[in-house]
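K.L.:
Here you go, one structure.
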Amino acid sequence: MLAEALRSGDRTKLPGRRHEGWRWTDLFGALTTVPPLNPERQALGSWSVPIALDGVVVRRFAAPIQGGVEHVTLEVPAGDHRVVLDLIEAGQGRYVRDLAFDFTLGVGASLERLVMIADDADAVSVATTHVQMQARCDFAQTVLASGARRQRVETHVDHPGGAGRVRLDGAYLLAGARHADQTTVVRHLGRDGESRQLVRGVVAGAARGVFQGRIEVLQGADGTDARLAHNGLILSDRAEIDSKPELEIYADDVACAHGNTIGALDEDALFYAMSRGLPEAEARRLLITAFVGEVAERIRHPGLRDQALIFLAAQAEAFDGEGR
Amino acid sequence: MLKIDNLHVRVGEAEILKGLSLSVPTGEVHAVMGPNGAGKSTLSYTLAGRSGYEVTDGTAQLLGDDLLALNASERAAKGVFLSFQYPLEIPGVPALTFVRAALNAQRKARGEGEISAPEFLKKAKAEAANLKMDFEMLRRGLNVGFSGGEKKRMEIFQMAMLAPRLAILDETDSGLDIDALKIVSEGVNALRAADRSMLVITHYQRLLDHIRPDRVHVLAAGRIVASGGPELALELERDGYDKYGKAA
Ligand SMILES: Nc1ncnc2c1ncn2[C@@H]1O[C@H](COP(=O)(O)OP(=O)(O)OP(=O)(O)O)[C@@H](O)[C@H]1O
Ligand SMILES: [Mg+2]
């Protein structure tokens with residue numbers, strides 16, 4: 001929808017409150033005009049990725065200078081294994097970008113993907129991924145977000161069932177007035193499919209986190225085992241988290257678990273850490289990093305996992321003095 | 001080492017400590033016993049600097065410094081260590097990472113340099129072996145999924161690593177089986193030193209067979225109501241707190 005608005009310049013095409021699933025991420029309200037499409041890109045450089053990230057395909061996406069639309073496809077042939085790091089890099093200013101990814105996995109293929117998305121605090125940025133899987137595929141994704149004026153990472157997976165597995169994880173660490181939305185839709189189409197999701201978020205200042213996780217178990221997808229957990233930490237009175245886990249089940253003998261918790265930093269744990277000598281700011285940082293770090297720990301590829309942990313630790317630093 | 005005078009502490013609306021006075025000379029180990037709800041944990045939290053424990057009157061000094069003016073981490077850097085009655089679980093932070101961060105933060109606060117990684121690891125391995133702990137436990141999330149006894153052992157491990165001046169052990173014996181009690185007590189005894197004091201809170205004389213205290217105090221209804229030698233613990237074991245309950 002954003003891409004359409006950018007291509008046509010028609011502001012009324014922007015997704016907003018009136019659209020299902022965009023209630024909390026209102027782009028129509030956020031943009032009074034649609035910037036013109038401009039193929040020029042800002043310089044890369046928000047991340048320095050170690051050159052030797054063994055066996056990982058690193059793709060870097062530079063921010064547009066005004067409006068930008070990009071469409072990226074990836075095909076993993078039958079039986080192949082790929083590890084992908086998508087760095088959606090920050091630019092400066094009020095750019096508006098729409099990134100669309102289409103992944104196709106052949107029979108027995110596996111793909112592990114880490115998305116790290118950074119944006120200017122004034123930017124509007126949407127990245128949408130559609131994943132088509134065949135039998136016995138393994139798709140694992142971790143999205144790490146730090147927000148923008150409006151930022152959304154949306155992932156749709158069609159799960160054929162069988163021996164296939166899906167992991168869709170995410171973490172967001174938001175300070176200032178940043179907004180990040182993680183939206184997932186997993187459709188279980190066939191029998192005995194498994195899906196796992198863990199999304200953790202921390203909001204400080206006047207930031208806003210949005211999580212929407214939808215699991216559909218279609219008719220015939222009996223024996224599906226789908227689990228989703230979203231846990232949020234709110235560090236300030238002005239910060240907010242909106243979350244909506246949704247389950248739609250049309251099959252039999254299905255195991256589905258939805259966990260959704262939102263709370264404050266554990267004061268008892270904070271005191272425990274301080275009583276051992278950690279100054280308050282450091283104790284907070286430790287607890288916050290550990291909270292979101294559990295998402296990174298689920299990444300199988302060690303190099304990718306390290307990148308994720310570094311990203312999260314850097315984000316947690318930004319909370320200093322803001323969480324009170 | 002520790003000098004508490006006329007301490008009054010309020011938690012929420014209730015006054016829990018009501019004029020508590022207690023002195024622990026340097027190098028001594030004192031036991032504090034008392035009925036449930038007497039205020040023993042309140043005393044340890046107050047000394048460790050937990051927020052919500054409001055001191056309305058009285059003083060507490062560590063080696064002449066006003067403890068009450070410091071926050072929890074500053075007190076730790078000064079050498080206060082509290083072994084919690086109910087240790088917290090910290091998911092996602094391995095015990096080793098946690099203790100190393102705490103130790104380095106304390107050293108930094110005291111103007112000392114960081115401990116090197118090999119030196120730290122060597123010390124951690126030695127202390128874990130003393131306490132007969134599986135070293136792999138130290139690589140898992142701190143206390144996550146640990147049994148009550150394992151958590152207590154982890155507290156003593158941390159105490160050994162942090163080498164405090166004043167150790168407050170709040171019911172470190174509860175939850176320990178007979179063998180673990182021996183191991184943990186030996187760990188504590190190994191830390192007895194001329195420049196270190198300990199305040200051992202317990203309900204059971206049994207612990208004091210292992211950790212021989214220099215003095216025993218009875219805390220009832222927010223005050224120290226009796227003090228004596230180790231024989232006082234035996235008397236309490238026999239007679240209970242009846243006579244102190246009435247006095248309070
Ligand atoms: N947060 C709190 N708010 C109100 N009252 C409290 C709070 N914490 C403790 N108390 C009360 O203070 C009193 C003393 O509690 P404390 O935990 O210090 O007792 P204790 O001597 O350690 O007991 P135990 O032997 O059971 O561990 C109790 O009556 C308890 O209910
Ligand atoms: Mg107690």
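Quick note on naming: the chains in the structure tokens go A, B, ... in the order shown, residues restart at 1 in each chain, and ligands are numbered from 1 in order of appearance.
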May I have the residues within 10 Å of B:Leu169 as a list in words, using only C-alpha atoms and disregarding those fewer than 2 positions away in the same chain?

P.N.:
Ala31, Val32, Ser41, Ser44, Phe81, Leu82, Ser83, Phe84, Gln85, Lys152, Glu155, Ile156, Met159, Leu166, Ala167, Glu171, Thr172, Asp173, Val188, Met198, Leu199, Val200, Ile201 and Thr202 of chain B

K.L.:
Kindly provide, as number ranges by chain, all nucleotide and amino acid residues lying within 9 Å of ligand 1, counting only C-alpha atoms and all ligand atoms.

P.N.:
B: 10-17, 33-45, 52-53, 85, 170-171, 201-203, 219-222

K.L.:
Quick one: residues within 6 Å of stretch 68-79 of chain A, only C-alpha atoms counted, chain neighbours fewer than 4 positions away excluded, as number ranges by chain?

P.N.:
A: 37, 64, 97-109

K.L.:
Store the residues picked out above in a file with all heavy atoms, as a CSV table (one decimal), in the first residue's frame.

P.N.:
```
chain,number,residue,atom,x,y,z
A,37,LEU,N,9.2,9.8,-5.8
A,37,LEU,CA,10.1,8.7,-6.0
A,37,LEU,C,11.4,9.3,-6.5
A,37,LEU,O,11.5,10.1,-7.4
A,37,LEU,CB,9.6,7.7,-7.0
A,37,LEU,CG,8.7,6.6,-6.4
A,37,LEU,CD1,8.4,5.6,-7.5
A,37,LEU,CD2,9.2,6.0,-5.2
A,64,PRO,N,16.7,5.8,0.8
A,64,PRO,CA,16.5,6.8,-0.3
A,64,PRO,C,16.7,8.2,0.2
A,64,PRO,O,16.9,8.4,1.4
A,64,PRO,CB,15.0,6.6,-0.7
A,64,PRO,CG,14.4,6.0,0.6
A,64,PRO,CD,15.4,5.3,1.3
A,97,ARG,N,10.5,5.0,2.7
A,97,ARG,CA,10.9,3.8,1.9
A,97,ARG,C,9.9,2.6,2.1
A,97,ARG,O,9.4,2.4,3.1
A,97,ARG,CB,12.3,3.4,2.2
A,97,ARG,CG,12.5,2.7,3.5
A,97,ARG,CD,13.9,2.1,3.4
A,97,ARG,NE,14.5,2.0,4.7
A,97,ARG,CZ,15.9,2.1,4.9
A,97,ARG,NH1,16.7,2.2,3.9
A,97,ARG,NH2,16.4,2.0,6.1
A,98,ASP,N,9.8,1.9,1.0
A,98,ASP,CA,9.1,0.7,1.0
A,98,ASP,C,9.9,-0.4,0.4
A,98,ASP,O,10.4,-0.3,-0.7
A,98,ASP,CB,7.8,0.8,0.2
A,98,ASP,CG,7.0,-0.5,0.3
A,98,ASP,OD1,7.3,-1.4,-0.4
A,98,ASP,OD2,6.0,-0.5,1.0
A,99,LEU,N,10.2,-1.4,1.2
A,99,LEU,CA,11.0,-2.5,0.8
A,99,LEU,C,10.2,-3.8,0.7
A,99,LEU,O,9.5,-4.1,1.7
A,99,LEU,CB,12.2,-2.8,1.8
A,99,LEU,CG,13.5,-2.1,1.5
A,99,LEU,CD1,14.4,-2.2,2.8
A,99,LEU,CD2,14.2,-2.7,0.4
A,100,ALA,N,10.2,-4.5,-0.4
A,100,ALA,CA,9.4,-5.7,-0.4
A,100,ALA,C,10.3,-6.9,-0.8
A,100,ALA,O,11.1,-6.8,-1.7
A,100,ALA,CB,8.3,-5.6,-1.5
A,101,PHE,N,10.2,-7.9,0.0
A,101,PHE,CA,11.0,-9.1,-0.2
A,101,PHE,C,10.1,-10.3,-0.5
A,101,PHE,O,9.1,-10.5,0.1
A,101,PHE,CB,11.8,-9.5,1.0
A,101,PHE,CG,12.8,-8.4,1.5
A,101,PHE,CD1,12.4,-7.4,2.3
A,101,PHE,CD2,14.1,-8.5,1.1
A,101,PHE,CE1,13.3,-6.5,2.8
A,101,PHE,CE2,15.0,-7.5,1.5
A,101,PHE,CZ,14.6,-6.5,2.3
A,102,ASP,N,10.5,-11.1,-1.6
A,102,ASP,CA,9.8,-12.3,-1.9
A,102,ASP,C,10.8,-13.5,-1.8
A,102,ASP,O,11.7,-13.5,-2.6
A,102,ASP,CB,9.1,-12.2,-3.3
A,102,ASP,CG,7.8,-11.6,-3.2
A,102,ASP,OD1,6.9,-12.2,-2.4
A,102,ASP,OD2,7.5,-10.6,-3.8
A,103,PHE,N,10.5,-14.4,-0.9
A,103,PHE,CA,11.4,-15.6,-0.8
A,103,PHE,C,10.6,-16.8,-1.2
A,103,PHE,O,9.5,-17.0,-0.9
A,103,PHE,CB,11.8,-15.8,0.7
A,103,PHE,CG,12.7,-14.7,1.2
A,103,PHE,CD1,12.9,-14.6,2.6
A,103,PHE,CD2,13.2,-13.7,0.4
A,103,PHE,CE1,13.6,-13.6,3.2
A,103,PHE,CE2,14.0,-12.7,1.0
A,103,PHE,CZ,14.2,-12.6,2.3
A,104,THR,N,11.4,-17.6,-2.0
A,104,THR,CA,10.8,-18.9,-2.4
A,104,THR,C,11.8,-20.0,-2.0
A,104,THR,O,12.9,-20.0,-2.3
A,104,THR,CB,10.6,-19.0,-3.9
A,104,THR,OG1,10.1,-17.8,-4.3
A,104,THR,CG2,9.6,-20.1,-4.3
A,105,LEU,N,11.3,-21.0,-1.2
A,105,LEU,CA,12.1,-22.1,-0.7
A,105,LEU,C,11.7,-23.4,-1.4
A,105,LEU,O,10.5,-23.7,-1.4
A,105,LEU,CB,12.0,-22.2,0.8
A,105,LEU,CG,12.9,-21.3,1.7
A,105,LEU,CD1,12.5,-19.9,1.6
A,105,LEU,CD2,12.8,-21.8,3.1
A,106,GLY,N,12.6,-24.0,-2.1
A,106,GLY,CA,12.4,-25.3,-2.7
A,106,GLY,C,12.2,-26.4,-1.7
A,106,GLY,O,12.5,-26.2,-0.5
A,107,VAL,N,11.9,-27.6,-2.2
A,107,VAL,CA,11.7,-28.7,-1.2
A,107,VAL,C,12.9,-29.0,-0.4
A,107,VAL,O,14.0,-29.0,-0.9
A,107,VAL,CB,11.3,-30.0,-2.1
A,107,VAL,CG1,11.3,-31.2,-1.1
A,107,VAL,CG2,10.0,-29.8,-2.8
A,108,GLY,N,12.7,-29.0,0.9
A,108,GLY,CA,13.8,-29.4,1.8
A,108,GLY,C,14.8,-28.2,2.0
A,108,GLY,O,15.9,-28.4,2.6
A,109,ALA,N,14.5,-27.1,1.5
A,109,ALA,CA,15.5,-25.9,1.6
A,109,ALA,C,15.4,-25.3,3.0
A,109,ALA,O,14.4,-25.4,3.7
A,109,ALA,CB,15.2,-24.9,0.5
```

K.L.:
DSSP says strand (DSSP E) for which residues of stretch 202-273 of chain A? Put them as a PyMOL selection string?

P.N.:
chain A and resi 202-203+208-217+225-234+240-249+255-263

K.L.:
So that I can see what lies close to B:Tyr241, please list as an mmCIF file with C-alpha atoms, in the first residue's frame the residues with an atom at most 9 Å from it, counting only C-alpha atoms and leaving out residues fewer than 2 positions away in the same chain.

P.N.:
```cif
data_model
loop_
_atom_site.group_PDB
_atom_site.id
_atom_site.type_symbol
_atom_site.label_atom_id
_atom_site.label_comp_id
_atom_site.auth_asym_id
_atom_site.auth_seq_id
_atom_site.Cartn_x
_atom_site.Cartn_y
_atom_site.Cartn_z
ATOM 1 C CA GLY B 34 14.218 -14.599 65.932
ATOM 2 C CA PRO B 35 10.643 -15.581 65.185
ATOM 3 C CA VAL B 218 17.700 -12.416 69.509
ATOM 4 C CA ALA B 220 11.992 -9.961 68.262
ATOM 5 C CA LEU B 236 16.517 -20.835 72.053
ATOM 6 C CA GLU B 237 16.447 -24.238 70.394
ATOM 7 C CA ASP B 239 12.815 -23.000 74.915
ATOM 8 C CA LYS B 243 9.692 -15.305 76.762
ATOM 9 C CA TYR B 244 10.898 -12.735 74.192
ATOM 10 C CA GLY B 245 7.548 -12.537 72.460
ATOM 11 C CA LYS B 246 5.977 -11.358 75.685
#
```

K.L.:
Find the residues in chain A near chain B: any atom within 10 Å counts, using only C-alpha atoms. Write them as a compact mmCIF listing (two decimals) with C-alpha atoms, in the first residue's frame.

P.N.:
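out25.txt written:
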```txt
# COMPACT_ATOMS: atom_id res chain seq x y z
CA ASP A 266 11.70 -6.06 37.61
CA GLU A 267 12.60 -3.84 40.58
CA ASP A 268 13.60 -6.83 42.69
CA ALA A 269 16.05 -8.01 40.07
CA LEU A 270 17.35 -4.45 39.77
CA PHE A 271 18.00 -4.28 43.50
CA TYR A 272 19.63 -7.71 43.45
CA ALA A 273 22.06 -6.58 40.74
CA MET A 274 22.75 -3.28 42.50
CA SER A 275 23.35 -5.02 45.81
CA ARG A 276 26.19 -6.89 44.09
CA GLY A 277 27.78 -3.63 43.07
CA LEU A 278 26.35 -2.69 39.69
CA PRO A 279 25.45 1.01 39.51
CA GLU A 280 21.81 1.56 38.64
CA GLU A 282 24.56 -0.47 34.43
CA ALA A 283 22.16 -2.80 36.22
CA LEU A 286 22.26 -5.55 31.95
CA LEU A 287 18.65 -6.55 32.58
CA ILE A 288 17.38 -4.94 29.38
CA THR A 289 20.12 -6.48 27.26
CA ALA A 290 19.44 -9.88 28.79
CA PHE A 291 15.70 -9.54 28.22
CA VAL A 292 16.01 -8.94 24.49
CA GLY A 293 19.18 -11.02 24.27
CA GLU A 294 17.16 -14.18 24.65
CA VAL A 295 15.79 -13.50 21.20
CA GLU A 297 20.32 -16.50 21.55
```

K.L.:
List the neighbours of B:Asp209 out to 12 Å using only C-alpha atoms; skip same-chain residues closer than 2 positions along the sequence, and give me the result as a PyMOL selection string.

P.N.:
chain B and resi 31+173+181-182+185-186+189+202+204-207+211-213+230-231+233-234

K.L.:
How about saving the chosen residues, C-alpha atoms kept, as a CSV table (one decimal), in the first residue's frame?

P.N.:
```
chain,number,residue,atom,x,y,z
B,31,ALA,CA,24.2,-14.8,64.6
B,173,ASP,CA,20.8,-22.6,55.5
B,181,LEU,CA,24.8,-27.4,54.5
B,182,LYS,CA,28.2,-28.8,55.3
B,185,SER,CA,29.3,-23.9,55.9
B,186,GLU,CA,32.8,-24.9,55.0
B,189,ASN,CA,34.2,-20.7,57.3
B,202,THR,CA,19.1,-18.3,60.9
B,204,TYR,CA,18.4,-23.3,63.3
B,205,GLN,CA,21.0,-24.0,65.8
B,206,ARG,CA,22.3,-26.7,63.4
B,207,LEU,CA,23.9,-24.1,61.2
B,211,ILE,CA,29.6,-21.8,61.6
B,212,ARG,CA,30.5,-21.1,65.2
B,213,PRO,CA,29.4,-17.5,66.0
B,230,PRO,CA,26.8,-19.5,71.4
B,231,GLU,CA,25.0,-21.1,74.3
B,233,ALA,CA,21.3,-20.5,70.5
B,234,LEU,CA,21.1,-23.8,72.3
```

K.L.:
Can you tell me how far atom CA of A:Ser46 sits from atom CA of A:Gly91, in Å to one decimal?

P.N.:
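Separating atom CA of A:Ser46 from atom CA of A:Gly91 is a distance of 8.1 Å.
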
K.L.:
For A:Ala127, work out the shell of residues within 12 Å, counting only C-alpha atoms and skipping chain neighbours fewer than 4 positions away, then give it as a PyMOL selection string.

P.N.:
chain A and resi 1-3+61+68-72+86-89+96-102+115-119+143+145+150-156+180-184

K.L.:
Return the single residue from B:His8, B:Arg139, B:Arg165, B:Lys151 that is closest to B:Lys125, with distances computed using only C-alpha atoms.

P.N.:
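Closest candidate: B:Arg139.
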
K.L.:
Of the candidates B:Leu121, B:Ile115, B:Tyr86, B:Ser147, which shows the shortest atom-to-atom distance to ligand 2, using only C-alpha atoms and all ligand atoms?

P.N.:
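Ranking B:Leu121, B:Ile115, B:Tyr86, B:Ser147 by distance to ligand 2, first place goes to B:Tyr86.
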
K.L.:
If you run DSSP over the backbone, which residues in stretch 14-244 of chain B end up alpha helix (DSSP H)? Put them as a count of residues only.

P.N.:
91

K.L.:
Using only C-alpha atoms and all ligand atoms for the distances, tell me which of B:Ile168, B:Leu62, B:Ala180, B:Ala95 is nearest to ligand 2.

P.N.:
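Residue with the minimum atom-to-atom distance to ligand 2: B:Ile168.
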